[in-house]
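Dumped coords.tsv below, it's TSV, C-alpha atoms:
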```tsv
chain	number	residue	atom	x	y	z
A	1	MET	CA	89.63	95.58	90.25
A	2	ARG	CA	93.12	96.40	89.01
A	3	VAL	CA	95.59	97.77	91.54
A	4	ALA	CA	99.01	99.35	91.04
A	5	SER	CA	101.16	99.33	94.18
A	6	ILE	CA	104.01	101.83	93.91
A	7	GLY	CA	107.26	101.92	95.85
A	8	GLU	CA	110.47	100.02	96.46
A	9	CYS	CA	111.60	96.52	97.29
A	10	MET	CA	115.06	96.18	98.82
A	11	ILE	CA	117.44	93.42	99.72
A	12	GLU	CA	116.67	92.51	103.32
A	13	ILE	CA	119.07	91.18	105.94
A	14	ALA	CA	117.09	90.21	109.04
A	15	VAL	CA	119.14	89.85	112.21
A	16	LYS	CA	117.39	87.67	114.78
A	17	PRO	CA	117.84	87.77	118.56
A	18	GLY	CA	121.12	85.98	119.15
A	19	GLY	CA	122.78	87.32	116.01
A	20	ASP	CA	121.78	84.89	113.25
A	21	ALA	CA	120.92	86.62	109.96
A	22	GLN	CA	118.65	85.71	107.07
A	23	LEU	CA	118.76	87.11	103.52
A	24	ALA	CA	115.48	88.01	101.83
A	25	SER	CA	113.87	91.04	100.18
A	26	GLY	CA	111.03	93.30	101.19
A	27	GLY	CA	109.34	96.65	101.11
A	28	ASP	CA	106.11	98.03	102.52
A	29	THR	CA	104.14	98.46	99.31
A	30	LEU	CA	105.54	95.21	97.91
A	31	ASN	CA	104.32	93.37	101.01
A	32	THR	CA	100.84	94.79	100.48
A	33	ALA	CA	100.94	93.81	96.80
A	34	VAL	CA	101.82	90.20	97.66
A	35	TYR	CA	99.04	89.91	100.23
A	36	LEU	CA	96.55	91.46	97.79
A	37	ALA	CA	97.56	88.95	95.12
A	38	ARG	CA	97.17	86.06	97.55
A	39	GLN	CA	93.58	87.17	98.08
A	40	GLY	CA	92.85	87.12	94.37
A	41	VAL	CA	93.26	90.83	93.63
A	42	ALA	CA	94.88	91.71	90.29
A	43	VAL	CA	97.89	93.81	91.30
A	44	ASP	CA	100.96	95.12	89.50
A	45	TYR	CA	104.04	96.44	91.26
A	46	VAL	CA	105.60	99.71	90.10
A	47	THR	CA	109.28	100.22	90.84
A	48	ALA	CA	112.68	99.99	89.15
A	49	LEU	CA	115.45	97.43	89.62
A	50	GLY	CA	118.99	96.74	88.47
A	51	ASP	CA	120.32	94.01	86.18
A	52	ASP	CA	121.91	92.03	89.03
A	53	PRO	CA	121.10	88.54	90.38
A	54	TYR	CA	119.22	89.97	93.38
A	55	SER	CA	116.90	91.85	91.05
A	56	ASP	CA	116.40	88.63	89.04
A	57	GLU	CA	115.41	86.82	92.23
A	58	MET	CA	112.99	89.57	93.24
A	59	LEU	CA	111.18	89.49	89.92
A	60	ALA	CA	110.93	85.72	89.96
A	61	ARG	CA	109.54	85.77	93.50
A	62	TRP	CA	106.93	88.41	92.68
A	63	GLN	CA	105.82	86.57	89.58
A	64	ALA	CA	105.48	83.35	91.56
A	65	GLU	CA	103.18	85.24	93.95
A	66	GLY	CA	101.02	86.46	91.08
A	67	VAL	CA	102.19	90.08	91.27
A	68	GLY	CA	102.51	91.70	87.84
A	69	THR	CA	105.99	92.94	86.91
A	70	GLY	CA	105.34	94.58	83.55
A	71	LEU	CA	105.90	98.06	85.02
A	72	VAL	CA	109.37	97.36	86.43
A	73	PRO	CA	112.19	98.85	84.30
A	74	ARG	CA	115.70	97.56	84.88
A	75	LEU	CA	118.72	99.85	84.95
A	76	PRO	CA	122.03	98.46	83.68
A	77	GLY	CA	124.84	98.41	86.22
A	78	ARG	CA	122.58	99.21	89.15
A	79	VAL	CA	121.50	97.20	92.21
A	80	PRO	CA	118.52	97.52	94.60
A	81	GLY	CA	118.73	99.25	97.95
A	82	LEU	CA	119.55	97.23	101.06
A	83	TYR	CA	118.23	97.34	104.61
A	84	MET	CA	118.83	95.49	107.82
A	85	ILE	CA	116.19	94.63	110.42
A	86	ARG	CA	117.12	93.94	114.02
A	87	THR	CA	114.27	92.31	115.98
A	88	ASP	CA	114.30	92.30	119.79
A	89	ASP	CA	112.92	89.60	122.07
A	90	LYS	CA	109.51	91.38	122.13
A	91	GLY	CA	109.15	91.22	118.34
A	92	GLU	CA	109.80	94.94	117.81
A	93	ARG	CA	112.20	95.89	115.06
A	94	THR	CA	114.60	98.64	114.04
A	95	PHE	CA	115.75	99.41	110.51
A	96	HIS	CA	119.01	100.55	108.91
A	97	TYR	CA	119.13	101.51	105.22
A	98	TRP	CA	121.62	101.74	102.31
A	99	ARG	CA	119.54	103.04	99.41
A	100	ASP	CA	120.90	106.33	98.06
A	101	ARG	CA	121.50	104.86	94.59
A	102	ALA	CA	118.52	102.53	94.44
A	103	PRO	CA	116.90	102.47	90.97
A	104	ALA	CA	113.43	102.81	92.53
A	105	ARG	CA	114.25	106.41	93.44
A	106	GLU	CA	114.19	107.40	89.76
A	107	VAL	CA	111.14	105.57	88.43
A	108	PHE	CA	109.23	108.78	87.61
A	109	GLU	CA	112.27	110.45	86.04
A	110	LEU	CA	113.38	107.65	83.72
A	111	PRO	CA	112.77	107.60	79.97
A	112	GLY	CA	109.25	106.29	79.59
A	113	ALA	CA	107.90	108.05	82.68
A	114	GLU	CA	105.19	109.77	80.63
A	115	GLU	CA	104.04	106.42	79.26
A	116	LEU	CA	104.02	105.04	82.81
A	117	ALA	CA	101.76	107.89	83.94
A	118	GLU	CA	99.35	107.15	81.10
A	119	THR	CA	99.31	103.46	82.03
A	120	LEU	CA	98.60	104.19	85.69
A	121	ALA	CA	95.51	106.16	84.69
A	122	GLY	CA	93.96	102.87	83.58
A	123	TYR	CA	93.99	101.28	87.06
A	124	ASP	CA	91.10	101.23	89.50
A	125	LEU	CA	93.26	101.89	92.57
A	126	LEU	CA	96.74	103.32	93.05
A	127	TYR	CA	98.38	102.47	96.38
A	128	PHE	CA	101.52	104.02	97.87
A	129	SER	CA	103.03	105.09	101.17
A	130	GLY	CA	105.05	107.75	102.89
A	131	ILE	CA	108.11	105.61	102.23
A	132	THR	CA	107.28	105.80	98.52
A	133	LEU	CA	107.21	109.60	98.73
A	134	SER	CA	110.51	109.71	100.61
A	135	LEU	CA	112.26	107.98	97.72
A	136	TYR	CA	111.75	110.58	95.05
A	137	SER	CA	113.41	113.91	94.30
A	138	ASP	CA	111.25	117.02	94.08
A	139	ARG	CA	111.09	116.51	90.33
A	140	GLY	CA	110.11	112.88	90.75
A	141	ARG	CA	107.40	113.77	93.27
A	142	ASP	CA	106.01	116.39	90.90
A	143	ALA	CA	105.79	113.79	88.13
A	144	PHE	CA	104.21	111.27	90.50
A	145	HIS	CA	101.67	113.84	91.70
A	146	ALA	CA	100.75	114.63	88.11
A	147	ALA	CA	100.30	110.92	87.36
A	148	LEU	CA	98.04	110.45	90.40
A	149	SER	CA	96.03	113.54	89.51
A	150	ALA	CA	95.47	112.29	85.97
A	151	ALA	CA	94.44	108.86	87.22
A	152	LYS	CA	92.04	110.40	89.76
A	153	ALA	CA	90.48	112.52	87.02
A	154	LYS	CA	89.72	109.30	85.12
A	155	GLY	CA	88.04	107.73	88.15
A	156	ALA	CA	90.86	105.91	89.91
A	157	ARG	CA	90.87	105.72	93.68
A	158	ILE	CA	94.02	106.70	95.57
A	159	ALA	CA	95.04	104.87	98.78
A	160	PHE	CA	97.83	106.19	101.00
A	161	ASP	CA	99.50	104.74	104.10
A	162	GLY	CA	101.61	107.40	105.83
A	163	ASN	CA	104.24	104.92	107.09
A	164	TYR	CA	106.45	107.76	108.30
A	165	ARG	CA	110.14	106.91	108.69
A	166	PRO	CA	112.16	109.91	109.96
A	167	ARG	CA	115.42	108.87	108.30
A	168	GLY	CA	113.78	109.22	104.90
A	169	TRP	CA	113.24	112.97	105.36
A	170	PRO	CA	115.46	116.00	106.01
A	171	ASP	CA	113.07	117.18	108.74
A	172	LYS	CA	109.47	116.87	109.91
A	173	ALA	CA	108.35	120.07	108.20
A	174	ARG	CA	109.31	118.71	104.79
A	175	ALA	CA	107.56	115.40	105.40
A	176	GLN	CA	104.44	117.18	106.66
A	177	ALA	CA	104.25	119.37	103.57
A	178	VAL	CA	104.70	116.46	101.17
A	179	PHE	CA	102.18	114.27	103.00
A	180	ALA	CA	99.61	117.07	102.98
A	181	ARG	CA	100.05	117.62	99.26
A	182	PHE	CA	99.45	113.97	98.40
A	183	LEU	CA	96.70	113.42	100.96
A	184	ALA	CA	94.68	116.03	99.10
A	185	LEU	CA	94.45	113.45	96.28
A	186	ALA	CA	93.61	110.44	98.46
A	187	SER	CA	90.25	108.72	98.57
A	188	HIS	CA	91.50	106.29	101.24
A	189	ALA	CA	93.99	106.89	104.06
A	190	LEU	CA	95.32	103.93	106.05
A	191	PRO	CA	97.75	105.41	108.59
A	192	THR	CA	99.18	103.94	111.76
A	193	PHE	CA	98.46	106.22	114.71
A	194	ASP	CA	101.98	105.99	116.17
A	195	ASP	CA	103.40	107.30	112.88
A	196	GLU	CA	100.87	110.14	112.70
A	197	GLN	CA	101.59	111.10	116.29
A	198	ALA	CA	105.34	111.11	115.62
A	199	LEU	CA	105.01	113.28	112.51
A	200	PHE	CA	102.07	115.57	113.26
A	201	GLY	CA	101.83	115.42	117.05
A	202	ASP	CA	98.24	114.15	116.99
A	203	ALA	CA	96.91	113.74	120.52
A	204	ASP	CA	94.72	110.74	119.72
A	205	PRO	CA	93.24	108.86	116.74
A	206	GLN	CA	90.30	111.26	116.66
A	207	ALA	CA	92.72	114.12	116.04
A	208	THR	CA	94.25	112.13	113.18
A	209	ILE	CA	90.80	111.57	111.69
A	210	ALA	CA	89.91	115.26	111.97
A	211	ARG	CA	93.14	116.31	110.27
A	212	LEU	CA	92.76	113.78	107.43
A	213	ARG	CA	89.16	114.83	106.89
A	214	GLY	CA	90.48	118.35	106.49
A	215	TYR	CA	92.43	117.17	103.45
A	216	GLY	CA	89.21	115.80	101.94
A	217	VAL	CA	89.93	112.09	102.43
A	218	GLY	CA	86.63	110.19	102.24
A	219	GLU	CA	87.54	106.88	103.93
A	220	ILE	CA	90.02	106.82	106.80
A	221	VAL	CA	91.30	103.83	108.77
A	222	VAL	CA	93.61	104.66	111.68
A	223	LYS	CA	95.47	101.53	112.78
A	224	CYS	CA	96.24	101.22	116.51
A	225	GLY	CA	97.98	97.85	116.77
A	226	GLY	CA	96.49	95.55	119.38
A	227	GLU	CA	93.82	98.14	120.18
A	228	GLY	CA	92.23	97.69	116.77
A	229	CYS	CA	91.41	100.54	114.42
A	230	HIS	CA	89.13	103.53	113.97
A	231	ILE	CA	87.25	103.95	110.69
A	232	ALA	CA	85.81	107.25	109.51
A	233	THR	CA	83.45	107.51	106.54
A	234	ALA	CA	80.61	109.83	105.58
A	235	GLU	CA	78.39	107.73	107.89
A	236	GLY	CA	80.50	108.44	110.98
A	237	VAL	CA	83.31	106.92	113.03
A	238	THR	CA	83.45	103.24	114.02
A	239	THR	CA	85.95	101.47	116.27
A	240	VAL	CA	86.79	97.90	115.27
A	241	PRO	CA	88.76	96.01	117.94
A	242	VAL	CA	90.97	93.07	117.07
A	243	PRO	CA	89.10	89.74	117.44
A	244	ARG	CA	91.88	88.48	119.73
A	245	VAL	CA	95.15	89.92	120.95
A	246	VAL	CA	98.19	88.09	119.55
A	247	THR	CA	101.65	88.17	121.10
A	248	PRO	CA	103.88	89.08	118.14
A	249	VAL	CA	106.85	87.05	117.03
A	250	ASP	CA	107.79	89.76	114.51
A	251	THR	CA	105.75	92.90	113.76
A	252	THR	CA	107.25	93.35	110.29
A	253	ALA	CA	104.49	93.99	107.71
A	254	ALA	CA	101.72	94.14	110.31
A	255	GLY	CA	100.33	97.35	108.82
A	256	ASP	CA	101.09	96.34	105.23
A	257	SER	CA	99.12	93.11	105.59
A	258	PHE	CA	96.24	94.83	107.39
A	259	ASN	CA	96.00	97.25	104.46
A	260	ALA	CA	95.86	94.34	102.01
A	261	GLY	CA	93.14	92.60	104.00
A	262	TYR	CA	91.13	95.79	104.34
A	263	LEU	CA	91.36	96.78	100.68
A	264	ALA	CA	90.63	93.24	99.47
A	265	GLY	CA	87.57	93.21	101.70
A	266	ARG	CA	86.35	96.47	100.23
A	267	PHE	CA	86.93	95.16	96.70
A	268	ALA	CA	84.89	92.08	97.61
A	269	GLY	CA	81.96	94.25	98.65
A	270	LEU	CA	82.40	94.06	102.43
A	271	ASP	CA	81.55	97.11	104.50
A	272	PRO	CA	84.40	98.97	106.24
A	273	ALA	CA	83.97	97.21	109.61
A	274	ALA	CA	83.97	93.73	108.07
A	275	SER	CA	86.94	94.72	105.91
A	276	ALA	CA	88.80	95.84	109.04
A	277	LEU	CA	88.15	92.47	110.68
A	278	ARG	CA	89.62	90.83	107.60
A	279	GLY	CA	92.65	93.10	107.91
A	280	HIS	CA	93.03	92.29	111.61
A	281	ARG	CA	92.89	88.58	110.90
A	282	LEU	CA	95.54	88.74	108.20
A	283	ALA	CA	97.83	90.95	110.31
A	284	ALA	CA	97.49	88.54	113.25
A	285	ALA	CA	98.69	85.68	111.05
A	286	VAL	CA	101.61	87.74	109.76
A	287	ILE	CA	102.93	88.89	113.15
A	288	GLY	CA	102.85	85.28	114.35
A	289	HIS	CA	105.72	84.45	111.95
A	290	ARG	CA	109.14	85.88	111.27
A	291	GLY	CA	109.57	87.94	108.14
A	292	ALA	CA	107.35	90.20	106.08
A	293	VAL	CA	105.77	87.51	103.89
A	294	VAL	CA	104.49	84.41	105.69
A	295	PRO	CA	104.23	80.94	104.13
A	296	ARG	CA	101.11	80.40	102.06
A	297	ASP	CA	99.83	77.76	104.46
A	298	ALA	CA	99.82	80.40	107.22
A	299	MET	CA	97.31	82.56	105.35
A	300	PRO	CA	93.82	82.78	106.87
A	301	ASP	CA	90.97	81.02	105.09
A	302	PHE	CA	88.80	84.00	104.22
A	303	ALA	CA	86.13	81.73	102.79
A	304	ARG	CA	85.11	81.20	106.44
A	305	GLY	CA	84.40	84.92	106.86
A	306	PRO	CA	86.54	87.95	107.72
A	307	ALA	CA	86.77	87.26	111.45
A	308	ALA	CA	86.50	83.47	111.63
```

Would you mind giving the structure from this file in structure tokens?
Amino acid sequence: MRVASIGECMIEIAVKPGGDAQLASGGDTLNTAVYLARQGVAVDYVTALGDDPYSDEMLARWQAEGVGTGLVPRLPGRVPGLYMIRTDDKGERTFHYWRDRAPAREVFELPGAEELAETLAGYDLLYFSGITLSLYSDRGRDAFHAALSAAKAKGARIAFDGNYRPRGWPDKARAQAVFARFLALASHALPTFDDEQALFGDADPQATIARLRGYGVGEIVVKCGGEGCHIATAEGVTTVPVPRVVTPVDTTAAGDSFNAGYLAGRFAGLDPAASALRGHRLAAAVIGHRGAVVPRDAMPDFARGPAA
């Protein structure tokens, strides 16, 4: 399986309880790409960067993780976006962004965008999020939609994680319309219920499932944190609880890592429930450490089974 994960990686300044700060980089779809690569999935990241030292460091880090960087143009004189995370003593975090001129916002409007669309049509799965969609202008979203449509017509699967962040949108109505347009292309939806409730007012995960089915999505996984997840396929709806409840140190990338575990499980031939257990196990390891990407030695040993 060949996966293209599409979005943005930014410079990250993580402020810990007490005020100490740590410099790193991160982004939701990049986190998923890294965790897919660590599970042996062939994955390329699709974004744009500047020609600055921080962009150099990002590329080197991704390559060291086994994430392909051949679809990352670099714009002279530009720098990546920046965000700050503040984490409270319960492990919950808040975000603040500086990204208006980030190169990733223009990836589907740059020279070579048509060639990029043709390349994406050769992948087995295209993965993106609501944050990805919030980056682009209307013109960029139109070009991205066309690229996804062409890839789907050639047999690619489309996976979407809503990952709704209000500050990325002028209002809820705009976000709702854009999400609905792209969900109509999706074969897999991997939303977090809290995000869906905030954006669409869903009363419960079953309401989220019903709405997503209305768009024609065939496989739906609604993540509910420590309560597990709900999976809807043509065979029905299954609830998969977490194997054990973990007190989080830092919830950054909990959903991103779950998505990677789930998708890797499906690629490996596991059924949806077993894939969800794999996702739960990976997310539990991630929220037990600070930062979006945990040390390699903290990764679960999936050779022992998805829920071992």

>> I need the residue nearest Gln22 in chain A from this list: A:Thr94, A:Ser129, A:Thr87, A:Thr208. Use only C-alpha atoms for the distance.
In response: A:Thr87

Need to verify the contact set: range 123-127 of chain A, 8 Å, all atoms listed in the file, exclusion of same-chain residues closer than 3 positions in sequence. Can you return it as a PDB file with C-alpha atoms, in the frame of the given file?
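File out17.pdb, as written:
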```pdb
ATOM      1  CA  MET A   1      89.630  95.580  90.250  1.00  0.00           C
ATOM      2  CA  ARG A   2      93.120  96.400  89.010  1.00  0.00           C
ATOM      3  CA  VAL A   3      95.590  97.770  91.540  1.00  0.00           C
ATOM      4  CA  ALA A   4      99.010  99.350  91.040  1.00  0.00           C
ATOM      5  CA  SER A   5     101.160  99.330  94.180  1.00  0.00           C
ATOM      6  CA  ILE A   6     104.010 101.830  93.910  1.00  0.00           C
ATOM      7  CA  THR A  29     104.140  98.460  99.310  1.00  0.00           C
ATOM      8  CA  THR A 119      99.310 103.460  82.030  1.00  0.00           C
ATOM      9  CA  LEU A 120      98.600 104.190  85.690  1.00  0.00           C
ATOM     10  CA  LEU A 148      98.040 110.450  90.400  1.00  0.00           C
ATOM     11  CA  ALA A 151      94.440 108.860  87.220  1.00  0.00           C
ATOM     12  CA  GLY A 155      88.040 107.730  88.150  1.00  0.00           C
ATOM     13  CA  ALA A 156      90.860 105.910  89.910  1.00  0.00           C
ATOM     14  CA  ARG A 157      90.870 105.720  93.680  1.00  0.00           C
ATOM     15  CA  ILE A 158      94.020 106.700  95.570  1.00  0.00           C
ATOM     16  CA  ALA A 159      95.040 104.870  98.780  1.00  0.00           C
ATOM     17  CA  PHE A 160      97.830 106.190 101.000  1.00  0.00           C
TER      18      PHE A 160
END
```

> Which value, in Å to one decimal, gives the distance between CA of Leu71 in chain A and CA of Ala254 in chain A?
Replying inline: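 It comes out at 25.9 Å.
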
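Close contacts of Leu183 in chain A, defined as residues with an atom at most 9 Å away when counting all atoms listed in the file, with chain neighbours fewer than 4 positions off set aside, comprise Ala159, Phe160, Val178, Phe179, Ser187, His188, Ala189, Leu212, Tyr215, Gly216 and Val217 of chain A.
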
> Can you tell me how far CA of Val107 in chain A sits from CA of Ala173 in chain A, in Å to one decimal?
Replying inline: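 Rounded to one decimal, the two atoms are 24.7 Å apart.
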
>> Here is a test: counting all atoms listed in the file, which residue of A:Leu75, A:Cys229, A:Ala64, A:Leu135 is nearest to Asp52 in chain A?
In response: A:Leu75

> Any idea what's packed within 10 Å of Ala150 in chain A, counting all atoms listed in the file, ignoring anything in its chain fewer than 4 positions away? Could you give it as an MDAnalysis selection string?
Replying inline: chainID A and resid 117:118 120:122 144:146 154:156

>> Please determine, counting all atoms listed in the file, which residue among A:Thr69, A:Ser149, A:Gln197, A:Thr47 has the shortest atom-to-atom distance to Ala104 in chain A.
In response: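 When distances to Ala104 in chain A are compared using all atoms listed in the file, the smallest one comes from A:Thr47.
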
>> One decimal, in Å: what's the spacing between CA of Val34 in chain A and CA of Pro241 in chain A?
In response: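 For CA of Val34 in chain A relative to CA of Pro241 in chain A, the distance reads 24.8 Å.
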
> Of the candidates A:Lys223, A:Arg86, A:Arg281, A:Arg139, which shows the shortest atom-to-atom distance to Gly18 in chain A, using only C-alpha atoms?
Replying inline: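 Using only C-alpha atoms, the shortest distance to Gly18 in chain A belongs to A:Arg86.
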
> From the set A:Asp142, A:Asp88, A:Glu227, A:Asp20, which residue has the shortest atom-to-atom contact distance to Ala113 in chain A, counting only C-alpha atoms?
Replying inline: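 Smallest separation from Ala113 in chain A among the options: A:Asp142.
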
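Counting only C-alpha atoms and comparing A:Asn31, A:Ala273, A:Arg105, A:Phe258, the residue that lies closest to His230 in chain A is A:Ala273.
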
>> Would you pick out the contacts of Ser137 in chain A at 10 Å or less, using only C-alpha atoms, so that residues sharing its chain but fewer than 6 positions from it are not included, and give the list as a list in words?
In response: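 Here the qualifying residues turn out to be Arg105, Glu106, Phe108, Glu109 and Ala143 of chain A.
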